[in-house]
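Structure file final_8.tsv with TSV, C-alpha atoms:
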```
chain	number	residue	atom	x	y	z
A	239	GLY	CA	75.74	25.50	-28.28
A	240	GLU	CA	77.84	27.92	-30.26
A	241	ASN	CA	81.07	26.75	-31.91
A	242	VAL	CA	83.60	29.21	-33.28
A	243	GLU	CA	86.43	28.13	-35.55
A	244	GLN	CA	89.37	30.43	-36.25
A	245	HIS	CA	92.07	30.29	-38.92
A	246	PRO	CA	94.97	30.43	-39.27
A	247	SER	CA	96.48	29.47	-35.93
A	248	THR	CA	99.70	31.31	-36.77
A	249	LEU	CA	100.34	34.12	-39.23
A	250	SER	CA	103.57	35.90	-40.08
A	251	VAL	CA	103.61	39.00	-42.23
A	252	GLN	CA	106.16	41.61	-43.17
A	253	GLU	CA	105.78	45.03	-41.63
A	254	GLY	CA	103.53	47.14	-43.80
A	255	ASP	CA	101.67	44.19	-45.28
A	256	SER	CA	98.06	43.29	-44.48
A	257	ALA	CA	96.90	40.48	-42.23
A	258	VAL	CA	93.58	38.66	-42.42
A	259	ILE	CA	92.15	36.33	-39.79
A	260	LYS	CA	88.94	34.40	-40.43
A	261	CYS	CA	86.32	32.92	-38.14
A	262	THR	CA	83.18	30.89	-38.67
A	263	TYR	CA	80.37	30.37	-36.20
A	264	SER	CA	77.64	27.79	-35.97
A	265	ASP	CA	74.69	29.45	-34.22
A	266	SER	CA	72.64	31.68	-36.51
A	267	ALA	CA	71.22	33.40	-33.41
A	268	SER	CA	74.60	34.95	-32.57
A	269	ASN	CA	74.48	38.66	-33.13
A	270	TYR	CA	77.63	40.14	-31.61
A	271	PHE	CA	81.17	39.43	-32.79
A	272	PRO	CA	84.08	41.01	-30.94
A	273	TRP	CA	87.78	40.66	-31.62
A	274	TYR	CA	90.27	40.62	-28.77
A	275	LYS	CA	94.01	41.22	-28.88
A	276	GLN	CA	96.10	39.59	-26.18
A	277	GLU	CA	99.76	40.45	-25.82
A	278	LEU	CA	102.02	38.05	-24.02
A	279	GLY	CA	101.24	38.03	-20.31
A	280	LYS	CA	98.48	40.60	-20.62
A	281	ARG	CA	94.71	40.68	-20.59
A	282	PRO	CA	92.54	40.27	-23.69
A	283	GLN	CA	91.55	43.71	-24.94
A	284	LEU	CA	88.71	44.47	-27.28
A	285	ILE	CA	89.99	46.02	-30.50
A	286	ILE	CA	86.85	46.04	-32.61
A	287	ASP	CA	83.40	44.49	-32.64
A	288	ILE	CA	80.51	44.16	-35.04
A	289	ARG	CA	76.83	43.50	-34.63
A	290	SER	CA	74.74	41.41	-36.96
A	291	ASN	CA	72.88	44.38	-38.42
A	292	VAL	CA	76.12	45.67	-39.95
A	293	GLY	CA	78.23	44.10	-42.70
A	294	GLU	CA	81.47	45.98	-42.18
A	295	LYS	CA	83.10	48.21	-39.62
A	296	LYS	CA	86.40	50.05	-39.78
A	297	ASP	CA	88.57	51.75	-37.20
A	298	GLN	CA	91.77	53.21	-38.63
A	299	ARG	CA	93.94	50.26	-39.70
A	300	ILE	CA	91.53	47.63	-38.43
A	301	ALA	CA	88.36	46.44	-40.12
A	302	VAL	CA	85.92	43.61	-39.55
A	303	THR	CA	83.53	42.13	-42.09
A	304	LEU	CA	80.55	39.92	-41.37
A	305	ASN	CA	78.72	37.56	-43.71
A	306	LYS	CA	75.62	36.38	-41.86
A	307	THR	CA	74.51	34.06	-44.63
A	308	ALA	CA	77.78	32.18	-44.62
A	309	LYS	CA	78.23	32.64	-40.87
A	310	HIS	CA	81.71	33.93	-41.05
A	311	PHE	CA	83.51	37.09	-40.06
A	312	SER	CA	87.02	38.34	-40.64
A	313	LEU	CA	89.53	40.73	-39.13
A	314	HIS	CA	91.65	42.81	-41.49
A	315	ILE	CA	94.72	44.71	-40.32
A	316	THR	CA	96.38	46.97	-42.87
A	317	GLU	CA	99.85	48.52	-42.76
A	318	THR	CA	100.89	46.12	-40.01
A	319	GLN	CA	103.41	47.24	-37.41
A	320	PRO	CA	105.59	45.19	-35.04
A	321	GLU	CA	103.35	46.26	-32.14
A	322	ASP	CA	100.47	44.44	-33.82
A	323	SER	CA	102.21	41.17	-32.91
A	324	ALA	CA	99.96	39.34	-30.44
A	325	VAL	CA	97.36	36.60	-30.20
A	326	TYR	CA	94.03	37.58	-31.67
A	327	PHE	CA	90.80	35.90	-30.59
A	328	CYS	CA	87.48	36.17	-32.34
A	329	ALA	CA	84.31	35.51	-30.38
A	330	ALA	CA	80.58	35.20	-30.87
A	331	SER	CA	77.76	35.99	-28.51
A	332	ASN	CA	74.60	33.91	-28.57
A	333	LEU	CA	71.42	35.97	-28.41
A	334	GLY	CA	69.15	34.82	-25.63
A	335	SER	CA	71.83	32.90	-23.81
A	336	ALA	CA	73.72	34.04	-20.75
A	337	ARG	CA	76.68	32.05	-21.94
A	338	GLN	CA	78.14	35.20	-23.39
A	339	LEU	CA	81.32	34.90	-25.38
A	340	THR	CA	82.39	31.76	-27.20
A	341	PHE	CA	85.98	32.25	-28.30
A	342	GLY	CA	87.83	31.00	-31.31
A	343	SER	CA	91.09	29.15	-30.76
A	344	GLY	CA	93.25	32.20	-31.42
A	345	THR	CA	95.76	33.37	-34.05
A	346	GLN	CA	99.35	34.18	-33.19
A	347	LEU	CA	100.22	37.11	-35.43
A	348	THR	CA	103.86	37.99	-35.88
A	349	VAL	CA	104.82	41.13	-37.77
A	350	LEU	CA	108.37	40.91	-38.98
A	351	PRO	CA	110.32	44.19	-39.13
B	136	ASP	CA	87.02	54.18	-14.86
B	137	THR	CA	87.06	51.28	-17.31
B	138	GLU	CA	89.21	49.02	-15.22
B	139	VAL	CA	88.66	45.57	-13.87
B	140	THR	CA	91.20	45.03	-11.12
B	141	GLN	CA	92.34	41.59	-10.02
B	142	THR	CA	94.46	40.64	-7.05
B	143	PRO	CA	96.87	39.08	-6.61
B	144	LYS	CA	98.69	39.20	-9.94
B	145	HIS	CA	100.62	36.03	-9.15
B	146	LEU	CA	99.85	33.24	-6.73
B	147	VAL	CA	101.70	30.06	-5.87
B	148	MET	CA	99.85	27.62	-3.66
B	149	GLY	CA	100.20	24.09	-2.44
B	150	MET	CA	97.57	21.47	-3.04
B	151	THR	CA	96.38	21.65	0.58
B	152	ASN	CA	96.16	25.43	0.72
B	153	LYS	CA	93.08	27.64	0.70
B	154	LYS	CA	93.36	30.91	-1.16
B	155	SER	CA	91.08	33.46	-2.79
B	156	LEU	CA	91.26	35.49	-5.96
B	157	LYS	CA	89.62	38.89	-5.96
B	158	CYS	CA	88.12	41.00	-8.70
B	159	GLU	CA	86.72	44.51	-8.51
B	160	GLN	CA	85.06	46.88	-10.97
B	161	HIS	CA	83.43	50.28	-10.51
B	162	MET	CA	81.79	50.64	-13.90
B	163	GLY	CA	78.34	49.81	-12.57
B	164	HIS	CA	78.39	46.52	-14.47
B	165	ARG	CA	75.90	43.94	-13.29
B	166	ALA	CA	77.42	40.88	-14.97
B	167	MET	CA	80.74	39.45	-13.85
B	168	TYR	CA	82.63	36.41	-15.04
B	169	TRP	CA	85.47	34.08	-14.20
B	170	TYR	CA	87.49	32.59	-17.03
B	171	LYS	CA	90.37	30.15	-16.96
B	172	GLN	CA	93.05	30.45	-19.64
B	173	LYS	CA	95.80	27.95	-20.34
B	174	ALA	CA	98.86	28.97	-22.33
B	175	LYS	CA	98.16	29.56	-26.03
B	176	LYS	CA	94.47	28.71	-25.57
B	177	PRO	CA	91.36	30.89	-25.52
B	178	PRO	CA	89.70	31.83	-22.25
B	179	GLU	CA	87.27	29.19	-20.98
B	180	LEU	CA	84.19	30.37	-19.15
B	181	MET	CA	83.86	29.09	-15.57
B	182	PHE	CA	81.15	31.14	-13.86
B	183	VAL	CA	78.76	33.95	-14.68
B	184	TYR	CA	77.10	36.22	-12.12
B	185	SER	CA	74.20	38.46	-12.96
B	186	TYR	CA	72.95	40.95	-10.38
B	187	GLU	CA	75.02	39.15	-7.73
B	188	LYS	CA	73.36	35.82	-8.45
B	189	LEU	CA	75.12	32.85	-9.98
B	190	SER	CA	73.77	32.47	-13.48
B	191	ILE	CA	76.07	29.90	-15.01
B	192	ASN	CA	78.41	27.26	-13.61
B	193	GLU	CA	80.16	25.54	-16.48
B	194	SER	CA	80.50	22.24	-14.63
B	195	VAL	CA	83.45	23.57	-12.68
B	196	PRO	CA	84.83	21.26	-9.94
B	197	SER	CA	83.76	22.17	-6.41
B	198	ARG	CA	87.34	22.99	-5.43
B	199	PHE	CA	86.57	26.32	-7.15
B	200	SER	CA	83.93	28.29	-5.27
B	201	PRO	CA	82.77	31.69	-6.56
B	202	GLU	CA	81.27	34.42	-4.45
B	203	CYS	CA	79.76	37.77	-5.34
B	204	PRO	CA	79.44	39.80	-2.13
B	205	ASN	CA	78.18	42.91	-3.94
B	206	SER	CA	77.79	44.36	-7.39
B	207	SER	CA	81.41	45.53	-7.54
B	208	LEU	CA	83.22	42.49	-6.18
B	209	LEU	CA	83.73	38.95	-7.34
B	210	ASN	CA	85.81	36.36	-5.51
B	211	LEU	CA	87.01	32.91	-6.42
B	212	HIS	CA	87.82	30.69	-3.46
B	213	LEU	CA	90.32	27.93	-4.10
B	214	HIS	CA	90.76	24.77	-2.06
B	215	ALA	CA	92.60	21.50	-2.64
B	216	LEU	CA	93.64	22.41	-6.16
B	217	GLN	CA	95.58	20.17	-8.50
B	218	PRO	CA	98.69	21.05	-10.52
B	219	GLU	CA	96.59	20.97	-13.70
B	220	ASP	CA	94.60	23.90	-12.29
B	221	SER	CA	97.64	26.10	-12.87
B	222	ALA	CA	96.55	28.76	-15.36
B	223	LEU	CA	95.76	32.43	-15.84
B	224	TYR	CA	92.43	33.23	-14.16
B	225	LEU	CA	90.68	36.14	-15.77
B	226	CYS	CA	87.81	38.14	-14.35
B	227	ALA	CA	85.59	40.12	-16.68
B	228	SER	CA	82.55	42.32	-16.41
B	229	SER	CA	79.92	43.65	-18.75
B	230	GLN	CA	76.99	45.99	-18.42
B	231	ASP	CA	74.59	43.10	-18.17
B	232	LEU	CA	73.89	39.76	-19.84
B	233	SER	CA	72.45	41.27	-22.99
B	234	ALA	CA	74.13	40.07	-26.13
B	235	GLY	CA	76.24	42.78	-27.63
B	236	THR	CA	77.62	44.31	-24.47
B	237	GLU	CA	81.37	44.62	-24.32
B	238	ALA	CA	83.22	42.47	-21.83
B	239	PHE	CA	86.14	44.13	-20.04
B	240	PHE	CA	88.84	41.83	-18.75
B	241	GLY	CA	91.06	42.20	-15.75
B	242	GLN	CA	94.78	41.59	-16.10
B	243	GLY	CA	94.41	38.15	-14.55
B	244	THR	CA	95.92	36.17	-11.72
B	245	ARG	CA	98.59	33.73	-12.78
B	246	LEU	CA	98.10	30.74	-10.53
B	247	THR	CA	100.67	28.02	-10.00
B	248	VAL	CA	99.71	24.95	-7.98
B	249	VAL	CA	102.65	23.01	-6.60
```
Using structure tokens, write down the structure that the file contains.
Amino acid sequence: GENVEQHPSTLSVQEGDSAVIKCTYSDSASNYFPWYKQELGKRPQLIIDIRSNVGEKKDQRIAVTLNKTAKHFSLHITETQPEDSAVYFCAASNLGSARQLTFGSGTQLTVLP
Amino acid sequence: DTEVTQTPKHLVMGMTNKKSLKCEQHMGHRAMYWYKQKAKKPPELMFVYSYEKLSINESVPSRFSPECPNSSLLNLHLHALQPEDSALYLCASSQDLSAGTEAFFGQGTRLTVV
């Protein structure tokens, strides 16, 4: 089955700096890679996703890049703000399997004011 | 309406109790899921329903019993739980089981077993 590894487990940045979170996946058949943000005590919420036919996607301060050859994808947050502080989970979806999302272990991002 | 609604938000139950968690969505999604999430861990898939039929059971103990009465509702019946079953239980739905369809999560039920 799919295995998703996520690094780092914790990340602290100063407000205004950029944050990068990286994930690798094992199943070359995976073709959908969402990123979820989960604030303390709240539900995971999709912030951005990318499909395997695209190498990069951007939405305002958030961008995701995908390298299918290396089987890794990354989340980039620019101009970080304190409200970006949360746990971020990457995930991969395995084409042809009903297993749906396999999550990474999560990154606790703290943006220091 | 892009909401997945779960009730109750909090639940405390004894090990001999029987309780049910409920999940509802009105987005016309035909795939619904139960996840279990422990503190500071990612969600772990428990069950997947597709068109009201159980598609995946991730080797979940029988003290957890899912039910999908119709395309909008998903229940999780709980019986004889253990303290280690205390967790956040998340329901999610997606359009269908096709890869690449966004999963929407409910706000979860925080379950404490005493």
Counting only C-alpha atoms, which residues of chain B fall within 9 Å of chain A, and what is the closest atom pair for each with its distance in Å at one decimal, ordered by chain and rising number, as CSV?
```
residue,atom,partner,partner_atom,distance
B:Lys175,CA,A:Gly344,CA,7.8
B:Lys176,CA,A:Ser343,CA,6.2
B:Pro177,CA,A:Ser343,CA,5.5
B:Pro178,CA,A:Phe341,CA,7.1
B:Glu179,CA,A:Phe341,CA,8.0
B:Leu180,CA,A:Arg337,CA,8.2
B:Val183,CA,A:Arg337,CA,7.8
B:Ser185,CA,A:Ala336,CA,9.0
B:Ser190,CA,A:Ala336,CA,7.4
B:Ile191,CA,A:Arg337,CA,7.3
B:Leu225,CA,A:Arg281,CA,7.8
B:Leu232,CA,A:Ala336,CA,5.8
B:Ser233,CA,A:Leu333,CA,7.7
B:Ala234,CA,A:Leu333,CA,5.4
B:Gly235,CA,A:Tyr270,CA,5.0
B:Thr236,CA,A:Tyr270,CA,8.3
B:Glu237,CA,A:Leu284,CA,7.9
B:Ala238,CA,A:Leu284,CA,8.0
B:Phe239,CA,A:Gln283,CA,7.3
B:Phe240,CA,A:Arg281,CA,6.3
B:Gly241,CA,A:Arg281,CA,6.2
B:Gln242,CA,A:Arg281,CA,4.6
B:Gly243,CA,A:Arg281,CA,6.6
```
(message) Here is a test: counting all atoms listed in the file, which residue of B:Cys203, B:Leu208, B:Ala222, B:Cys158 is nearest to Leu146 in chain B?
(response)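 Checking each candidate against Leu146 in chain B, we get B:Ala222 as the closest.
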(request) Rank nothing, just name the residue among B:Glu187, B:Met148, B:Gln172, B:Thr140 nearest to Asp231 in chain B, using only C-alpha atoms. (result) B:Glu187
(message) Rounded to one decimal, what separation in Å do you get between CA of Ala257 in chain A and CA of Gly293 in chain A?
(response) 19.0 Å
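Each of A:Ser250, A:Thr316, A:Thr307, A:Asn291 was checked against Tyr263 in chain A using all atoms listed in the file; the smallest atom-to-atom distance is that of A:Thr307.
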Gln298 in chain A environment, 12 Å, all atoms listed in the file, sequence neighbours closer than 2 positions dropped, as a PDB file with C-alpha atoms, in the coordinates of the input:
```pdb
ATOM      1  CA  ILE A 285      89.990  46.020 -30.500  1.00  0.00           C
ATOM      2  CA  ILE A 286      86.850  46.040 -32.610  1.00  0.00           C
ATOM      3  CA  LYS A 295      83.100  48.210 -39.620  1.00  0.00           C
ATOM      4  CA  LYS A 296      86.400  50.050 -39.780  1.00  0.00           C
ATOM      5  CA  ILE A 300      91.530  47.630 -38.430  1.00  0.00           C
ATOM      6  CA  ALA A 301      88.360  46.440 -40.120  1.00  0.00           C
ATOM      7  CA  VAL A 302      85.920  43.610 -39.550  1.00  0.00           C
ATOM      8  CA  HIS A 314      91.650  42.810 -41.490  1.00  0.00           C
ATOM      9  CA  ILE A 315      94.720  44.710 -40.320  1.00  0.00           C
ATOM     10  CA  THR A 316      96.380  46.970 -42.870  1.00  0.00           C
ATOM     11  CA  GLU A 317      99.850  48.520 -42.760  1.00  0.00           C
ATOM     12  CA  THR A 318     100.890  46.120 -40.010  1.00  0.00           C
TER      13      THR A 318
END
```
(request) Using all atoms listed in the file, pick whichever of A:Gln252, A:Asn241, A:Gln319, A:Thr303 has the shortest atom-to-atom distance to Ala267 in chain A. (result) A:Asn241
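Note that the spacing between CA of Asn152 in chain B and CA of Pro204 in chain B amounts to 22.2 Å.
The interatomic distance for the pair CA of Pro218 in chain B and CA of Lys153 in chain B works out to 14.2 Å.
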